[in-house]
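So this one's protein-v8.cif, mmCIF, C-alpha atoms:
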```cif
data_protein
#
loop_
_atom_site.label_atom_id
_atom_site.label_comp_id
_atom_site.auth_asym_id
_atom_site.auth_seq_id
_atom_site.Cartn_x
_atom_site.Cartn_y
_atom_site.Cartn_z
CA HIS Z 1 -29.62 5.73 22.96
CA ARG Z 2 -32.86 4.52 21.45
CA ILE Z 3 -35.25 5.75 18.76
CA HIS Z 4 -39.01 5.62 19.37
CA PHE Z 5 -41.35 4.89 16.44
CA CYS Z 6 -45.12 5.00 16.78
CA PHE Z 7 -47.69 3.59 14.36
CA HIS Z 8 -51.44 3.69 15.15
CA SER Z 9 -50.68 4.42 18.81
CA VAL Z 10 -48.32 1.43 18.99
CA CYS Z 11 -44.74 2.44 19.76
CA PHE Z 12 -41.56 0.57 18.94
CA VAL Z 13 -38.12 1.21 20.37
CA ALA Z 14 -35.00 0.85 18.21
CA LYS Z 15 -31.39 1.44 19.16
CA PHE Z 16 -29.56 4.42 17.63
CA ASP Z 17 -26.71 2.54 16.01
CA ILE Z 18 -24.05 4.03 13.77
CA SER Z 19 -22.06 1.79 11.43
CA VAL Z 20 -18.28 1.70 10.84
CA PRO Z 21 -16.04 -1.04 9.38
CA PRO Z 22 -15.85 -4.08 11.72
CA SER Z 23 -12.25 -4.91 10.77
CA PRO Z 24 -9.02 -2.93 10.20
CA GLN Z 25 -8.93 -0.95 6.97
CA VAL Z 26 -5.88 -0.81 4.69
CA ARG Z 27 -5.35 2.30 2.58
CA VAL Z 28 -2.70 3.24 0.01
CA TYR Z 29 -0.01 5.84 0.62
CA GLY Z 30 -0.40 9.03 -1.43
CA GLN Z 31 -3.99 8.36 -2.43
CA ALA Z 32 -7.21 9.76 -1.00
CA MET Z 33 -8.96 7.52 1.50
CA VAL Z 34 -12.57 7.44 2.64
CA LEU Z 35 -13.34 6.43 6.22
CA PRO Z 36 -16.90 5.03 6.24
CA CYS Z 37 -19.46 5.96 8.89
CA THR Z 38 -23.26 5.95 8.59
CA PHE Z 39 -26.07 6.72 11.04
CA PRO Z 40 -29.89 6.48 11.20
CA VAL Z 41 -31.70 9.73 10.36
CA GLY Z 42 -35.26 8.88 11.37
CA ASN Z 43 -38.02 10.99 9.82
CA SER Z 44 -35.97 14.15 9.34
CA TRP Z 45 -32.45 15.53 9.34
CA ASP Z 46 -31.65 18.78 11.09
CA PRO Z 47 -28.03 19.84 10.51
CA SER Z 48 -28.27 22.72 12.98
CA SER Z 49 -28.85 20.34 15.89
CA SER Z 50 -26.45 17.61 14.80
CA VAL Z 51 -22.79 17.02 15.61
CA ILE Z 52 -20.34 14.87 13.64
CA THR Z 53 -16.78 14.52 14.91
CA TRP Z 54 -13.86 12.44 13.69
CA GLN Z 55 -10.86 11.83 15.91
CA ARG Z 56 -7.66 9.81 15.76
CA GLY Z 57 -6.90 9.07 19.37
CA SER Z 58 -7.37 12.41 21.13
CA GLU Z 59 -6.56 14.46 18.01
CA VAL Z 60 -9.47 16.13 16.23
CA VAL Z 61 -9.52 15.23 12.54
CA HIS Z 62 -12.74 16.99 11.50
CA SER Z 63 -15.80 18.48 13.24
CA PHE Z 64 -19.24 19.52 12.05
CA TYR Z 65 -21.83 21.34 14.19
CA HIS Z 66 -24.16 24.37 14.01
CA GLY Z 67 -24.80 23.32 10.41
CA ARG Z 68 -21.23 23.74 9.13
CA ASP Z 69 -17.65 22.52 9.39
CA GLN Z 70 -15.81 23.63 12.52
CA LEU Z 71 -12.05 23.33 12.04
CA ALA Z 72 -10.63 25.62 14.71
CA ARG Z 73 -9.56 22.62 16.81
CA GLN Z 74 -8.49 20.45 13.90
CA GLY Z 75 -5.03 18.91 14.22
CA LEU Z 76 -2.44 20.62 12.03
CA HIS Z 77 -1.55 17.25 10.49
CA TYR Z 78 -4.99 17.22 8.83
CA ALA Z 79 -5.25 20.85 7.73
CA ASN Z 80 -6.63 21.28 4.19
CA ARG Z 81 -6.93 17.51 3.70
CA THR Z 82 -10.36 16.57 5.08
CA ARG Z 83 -13.98 16.93 4.06
CA LEU Z 84 -17.38 15.45 4.83
CA TYR Z 85 -20.09 14.62 2.31
CA HIS Z 86 -22.53 17.40 3.18
CA ASP Z 87 -25.01 16.55 0.42
CA GLU Z 88 -25.33 13.01 1.77
CA MET Z 89 -25.71 13.76 5.48
CA GLU Z 90 -29.50 13.80 5.19
CA ARG Z 91 -29.23 10.17 4.09
CA GLY Z 92 -27.08 9.27 7.10
CA ASN Z 93 -23.61 9.54 5.60
CA ALA Z 94 -20.97 10.80 8.05
CA SER Z 95 -18.00 9.39 6.12
CA LEU Z 96 -14.76 11.34 6.02
CA ARG Z 97 -12.52 11.83 2.98
CA LEU Z 98 -8.84 12.36 3.66
CA GLU Z 99 -6.57 13.52 0.84
CA ARG Z 100 -2.88 12.72 0.21
CA THR Z 101 -2.58 9.87 2.67
CA THR Z 102 0.70 9.57 4.57
CA LEU Z 103 2.09 6.85 6.83
CA GLY Z 104 1.36 9.18 9.74
CA ASP Z 105 -2.37 8.76 9.09
CA ALA Z 106 -2.39 5.20 10.43
CA GLY Z 107 -4.12 4.60 13.75
CA TYR Z 108 -7.50 4.24 15.46
CA TYR Z 109 -10.22 6.55 14.17
CA THR Z 110 -13.43 7.34 16.03
CA CYS Z 111 -16.63 8.52 14.36
CA SER Z 112 -19.01 10.31 16.75
CA VAL Z 113 -22.55 11.27 15.70
CA THR Z 114 -25.17 13.13 17.72
CA THR Z 115 -28.60 14.01 16.30
CA GLN Z 116 -32.08 14.73 17.65
CA ILE Z 117 -32.77 11.01 17.89
CA GLY Z 118 -29.60 9.67 19.46
CA SER Z 119 -25.86 9.72 19.98
CA GLN Z 120 -23.11 7.14 19.55
CA LYS Z 121 -19.44 6.76 18.67
CA LYS Z 122 -17.47 3.85 17.26
CA SER Z 123 -13.81 3.25 16.41
CA PHE Z 124 -11.83 1.19 13.92
CA SER Z 125 -8.22 0.75 12.88
CA VAL Z 126 -6.61 2.12 9.71
CA LYS Z 127 -3.32 0.82 8.28
CA ILE Z 128 -1.36 2.50 5.51
CA GLY Z 129 0.68 0.64 2.90
CA ALA Z 130 2.69 1.67 -0.15
CA PHE Z 131 3.27 -0.39 -3.29
CA TYR Z 132 6.88 -1.14 -4.20
CA LEU Z 133 7.88 0.28 -7.57
CA GLU Z 134 8.89 -1.81 -10.56
CA PRO Z 135 12.31 -3.24 -9.68
CA PHE Z 136 15.51 -2.64 -11.62
CA ILE Z 137 17.71 -5.66 -12.25
CA HIS Z 138 21.41 -4.85 -12.33
CA VAL Z 139 23.67 -7.49 -13.89
CA SER Z 140 27.41 -7.24 -13.26
CA LEU Z 141 29.74 -9.50 -15.25
CA LEU Z 142 32.98 -9.68 -13.29
CA SER Z 143 36.38 -10.40 -14.83
CA ASN Z 144 36.87 -13.50 -12.66
CA GLY Z 145 33.82 -15.13 -14.26
CA ARG Z 146 31.42 -14.41 -11.41
CA ILE Z 147 28.10 -12.66 -11.92
CA ASP Z 148 26.33 -10.37 -9.46
CA LEU Z 149 22.55 -9.95 -9.70
CA LEU Z 150 21.31 -6.89 -7.84
CA ILE Z 151 17.58 -6.14 -7.70
CA SER Z 152 16.41 -2.75 -6.44
CA SER Z 153 12.94 -1.43 -5.66
CA GLN Z 154 11.82 1.76 -3.96
CA GLY Z 155 8.97 3.50 -2.21
CA GLY Z 156 7.23 0.63 -0.42
CA TYR Z 157 5.74 0.08 3.02
CA PRO Z 158 5.86 -1.90 5.24
CA SER Z 159 9.17 -3.76 4.89
CA PRO Z 160 8.86 -6.56 2.31
CA SER Z 161 9.67 -10.24 2.41
CA VAL Z 162 12.32 -11.22 -0.15
CA GLN Z 163 13.09 -14.67 -1.52
CA TRP Z 164 15.55 -16.01 -4.11
CA LEU Z 165 15.10 -19.44 -5.70
CA MET Z 166 17.23 -21.49 -8.06
CA GLY Z 167 15.14 -23.67 -10.29
CA ASP Z 168 11.79 -24.56 -8.76
CA LYS Z 169 12.81 -25.48 -5.23
CA GLU Z 170 16.32 -24.57 -4.06
CA ASP Z 171 16.09 -21.57 -1.73
CA LEU Z 172 19.10 -19.26 -2.03
CA THR Z 173 17.79 -16.53 0.27
CA ASN Z 174 20.22 -17.35 3.09
CA VAL Z 175 23.24 -16.75 0.83
CA THR Z 176 21.99 -13.41 -0.51
CA PHE Z 177 22.40 -9.95 0.96
CA THR Z 178 19.32 -7.74 1.31
CA GLN Z 179 19.49 -4.16 2.52
CA LEU Z 180 16.51 -2.02 3.54
CA GLU Z 181 16.78 1.74 3.97
CA GLN Z 182 13.96 3.91 5.25
CA ASP Z 183 13.57 7.42 3.88
CA LYS Z 184 13.97 9.88 6.75
CA ASP Z 185 11.08 12.04 5.52
CA THR Z 186 8.48 9.69 4.02
CA LYS Z 187 9.50 6.59 6.05
CA LEU Z 188 9.08 4.50 2.89
CA TYR Z 189 11.50 1.63 2.30
CA ASN Z 190 14.10 1.25 -0.44
CA MET Z 191 15.21 -2.34 -1.03
CA ASN Z 192 18.44 -3.72 -2.55
CA SER Z 193 18.99 -7.47 -2.74
CA LYS Z 194 22.11 -9.11 -4.21
CA LEU Z 195 22.91 -12.64 -5.33
CA ASN Z 196 26.41 -13.72 -6.39
CA LEU Z 197 26.78 -16.57 -8.90
CA THR Z 198 29.99 -18.45 -9.62
CA SER Z 199 28.53 -20.43 -12.52
CA VAL Z 200 25.96 -19.39 -15.11
CA ILE Z 201 25.63 -22.49 -17.26
CA ASN Z 202 21.87 -22.88 -17.77
CA THR Z 203 20.96 -21.14 -14.53
CA SER Z 204 17.34 -20.23 -13.72
CA ILE Z 205 16.79 -17.76 -10.88
CA THR Z 206 13.49 -16.52 -9.43
CA PHE Z 207 13.26 -13.37 -7.32
CA ILE Z 208 10.10 -12.79 -5.24
CA LEU Z 209 9.19 -9.63 -3.31
CA LYS Z 210 5.98 -9.55 -1.26
CA ASN Z 211 4.17 -6.70 0.45
CA GLU Z 212 1.72 -8.67 2.58
CA GLU Z 213 -0.18 -5.58 3.76
CA LEU Z 214 -1.35 -4.70 0.24
CA GLY Z 215 -1.30 -8.19 -1.26
CA GLN Z 216 1.46 -7.15 -3.68
CA GLU Z 217 3.78 -9.75 -5.17
CA ILE Z 218 6.58 -9.00 -7.63
CA ARG Z 219 8.06 -12.10 -9.23
CA ARG Z 220 10.91 -12.02 -11.73
CA ASN Z 221 12.28 -15.11 -13.49
CA ILE Z 222 15.85 -14.64 -14.70
CA ASN Z 223 17.46 -17.22 -16.98
CA LEU Z 224 21.20 -17.18 -17.63
CA PHE Z 225 22.71 -19.30 -20.39
CA SER Z 226 26.38 -19.71 -21.22
CA GLY Z 227 27.87 -22.86 -22.69
CA GLU Z 228 31.22 -24.13 -21.44
CA PHE Z 229 33.02 -22.83 -24.54
CA SER Z 230 30.61 -20.05 -25.42
CA SER Z 231 31.73 -16.45 -25.81
CA LEU Z 232 28.25 -15.12 -25.02
CA LEU Z 233 26.15 -14.80 -21.90
CA VAL Z 234 22.41 -14.77 -22.63
CA LEU Z 235 20.20 -13.12 -20.03
CA SER Z 236 16.45 -13.73 -20.27
CA LEU Z 237 13.98 -11.92 -18.01
CA THR Z 238 10.34 -12.95 -17.63
CA CYS Z 239 7.96 -10.23 -16.44
CA HIS Z 240 4.70 -11.21 -14.75
CA TYR Z 241 1.66 -8.96 -15.04
CA LEU Z 242 -1.93 -9.12 -13.83
CA GLY Z 243 -4.01 -11.74 -15.55
CA ASP Z 244 -0.98 -14.06 -15.89
CA ASN Z 245 0.29 -12.09 -18.87
CA LEU Z 246 4.00 -12.62 -19.50
CA LYS Z 247 6.62 -10.59 -21.29
CA HIS Z 248 10.12 -11.82 -22.13
CA LEU Z 249 13.25 -9.70 -22.47
CA SER Z 250 16.57 -11.05 -23.69
CA LEU Z 251 20.10 -9.60 -23.80
CA ARG Z 252 23.41 -11.06 -25.01
CA PHE Z 253 26.80 -10.13 -23.55
CA PRO Z 254 30.25 -10.90 -25.05
CA ILE Z 255 32.11 -12.47 -22.13
CA GLN Z 256 35.58 -12.96 -23.63
CA SER Z 257 35.85 -9.45 -25.04
CA LEU Z 258 35.40 -7.54 -21.77
CA GLN Z 259 37.72 -4.55 -21.79
CA ASN Z 260 36.93 -3.40 -18.26
CA PRO Z 261 37.05 -5.27 -14.93
CA SER Z 262 33.27 -5.37 -14.96
CA LEU Z 263 30.32 -4.71 -17.20
CA CYS Z 264 26.94 -3.73 -15.81
CA THR Z 265 23.55 -3.47 -17.44
CA CYS Z 266 20.10 -2.77 -16.02
CA LEU Z 267 16.76 -4.31 -16.94
CA PHE Z 268 13.25 -3.60 -15.78
CA CYS Z 269 9.74 -4.60 -16.77
CA TYR Z 270 7.21 -2.04 -17.92
CA GLY Z 271 3.69 -2.01 -19.27
#
```
Translate the structure described by the file into structure tokens.
Amino acid sequence: HRIHFCFHSVCFVAKFDISVPPSPQVRVYGQAMVLPCTFPVGNSWDPSSSVITWQRGSEVVHSFYHGRDQLARQGLHYANRTRLYHDEMERGNASLRLERTTLGDAGYYTCSVTTQIGSQKKSFSVKIGAFYLEPFIHVSLLSNGRIDLLISSQGGYPSPSVQWLMGDKEDLTNVTFTQLEQDKDTKLYNMNSKLNLTSVINTSITFILKNEELGQEIRRNINLFSGEFSSLLVLSLTCHYLGDNLKHLSLRFPIQSLQNPSLCTCLFCYG
């Protein structure tokens, strides 16, 4: 469809071209998301003769025609969660706001616009990700001298990559056990990853969790110190924050005076 402009009896022809994102969009679980779509309005905007429709596949997400929202055919999945920017339509804004984003909102969305001067529709992909929560670090001191480090994090999507390092280079990931469980309702992942240590004399461990979809990286440096004849285990945790800010936590455990087969404590970083 083309738009005709005339100036002093000279006419120009321009294509009616709506605009949507050229690449896949990533949005965050639980938050509101805006799906951008703009269109040319020409010299005037007449809502009564214009149609704006959003679809995901064949499912109707939101419709506007006869000058108002038309939601009779809206998919139940989107009920009470969508709105258009009515005050900005006259400036060519057909963007859709979707509240309380779920993983089920991922897919290909199509924005269709028809006005007095043209009609067009375009599609783009939307991916949904969820940030993993601050991990808990569970330290178990076993009576046989071994130590179990268990790191747990919840509520993320998609499944993360997990890596354990000793020192700066030695990769221990292949000798660790990582378990992922997906919530049956939300489909978010819960992660538990365990490392067993037989010696803790001046041991430095780094745990790394990455959510590539959202660019999230959680890195925890754990330092364990226990001299050959020492009666104490010193656990030091380094927390990394945005802007390269660091925070150090330290705990001391009496090894020789354990009364129970095991002793467990939990650490986590916070703001």
- Query: Once the PyMOL selection byres ((chain Z and resi 16-18) around 12) has been applied to the shown file, what residues remain in the selection, as an NGL selection string?
  - Reply: :Z and (1-5 or 13-15 or 19-22 or 36-42 or 52 or 92-95 or 110-123)
- Please identify all polymer residues within 12 Å of Leu35 (chain Z), counting only C-alpha atoms, omitting same-chain residues fewer than 2 positions from it, and present them as a PyMOL selection string. chain Z and resi 19-21+24-27+32-33+37-38+54-56+61-62+82-85+93-99+101+105-106+108-111+123-127
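One distance worth recording is that between CA of Gln182 (chain Z) and CA of Asp148 (chain Z), which is 23.9 Å.
Distances to Glu217 (chain Z) were evaluated for Z:Leu165, Z:Glu134, Z:Gly155, Z:Glu181 using all atoms listed in the file, and the minimum falls at Z:Glu134.
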- Result set, the PyMOL selection byres ((chain Z and resi 178) around 10) on current file, as a PyMOL selection string: chain Z and resi 150-152+162-163+173-177+179-180+191-195
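CA of Leu209 (chain Z) lies 11.7 Å from CA of Gln154 (chain Z).
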- Task: Would you work out the distance separating CA of Asp46 (chain Z) from CA of Arg91 (chain Z), expressed in Å to one decimal?
- Result: 11.4 Å
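Protein, DNA and RNA residues at most 7 Å from (-27.6, 17.9, 10.5), with all atoms listed in the file, are these: Trp45, Asp46, Pro47, Ser48, Ser49, Ser50, Gly67, Met89 and Glu90 of chain Z.
The nearest approach to Glu170 (chain Z) among the residues Z:Ile205, Z:Leu188, Z:Val34, Z:Leu197, with only C-alpha atoms taken into account, belongs to Z:Ile205.
Nearest to Gly129 (chain Z) of all the residues Z:Arg73, Z:Arg146, Z:Lys169, Z:Lys187 is Z:Lys187, based on all atoms listed in the file.
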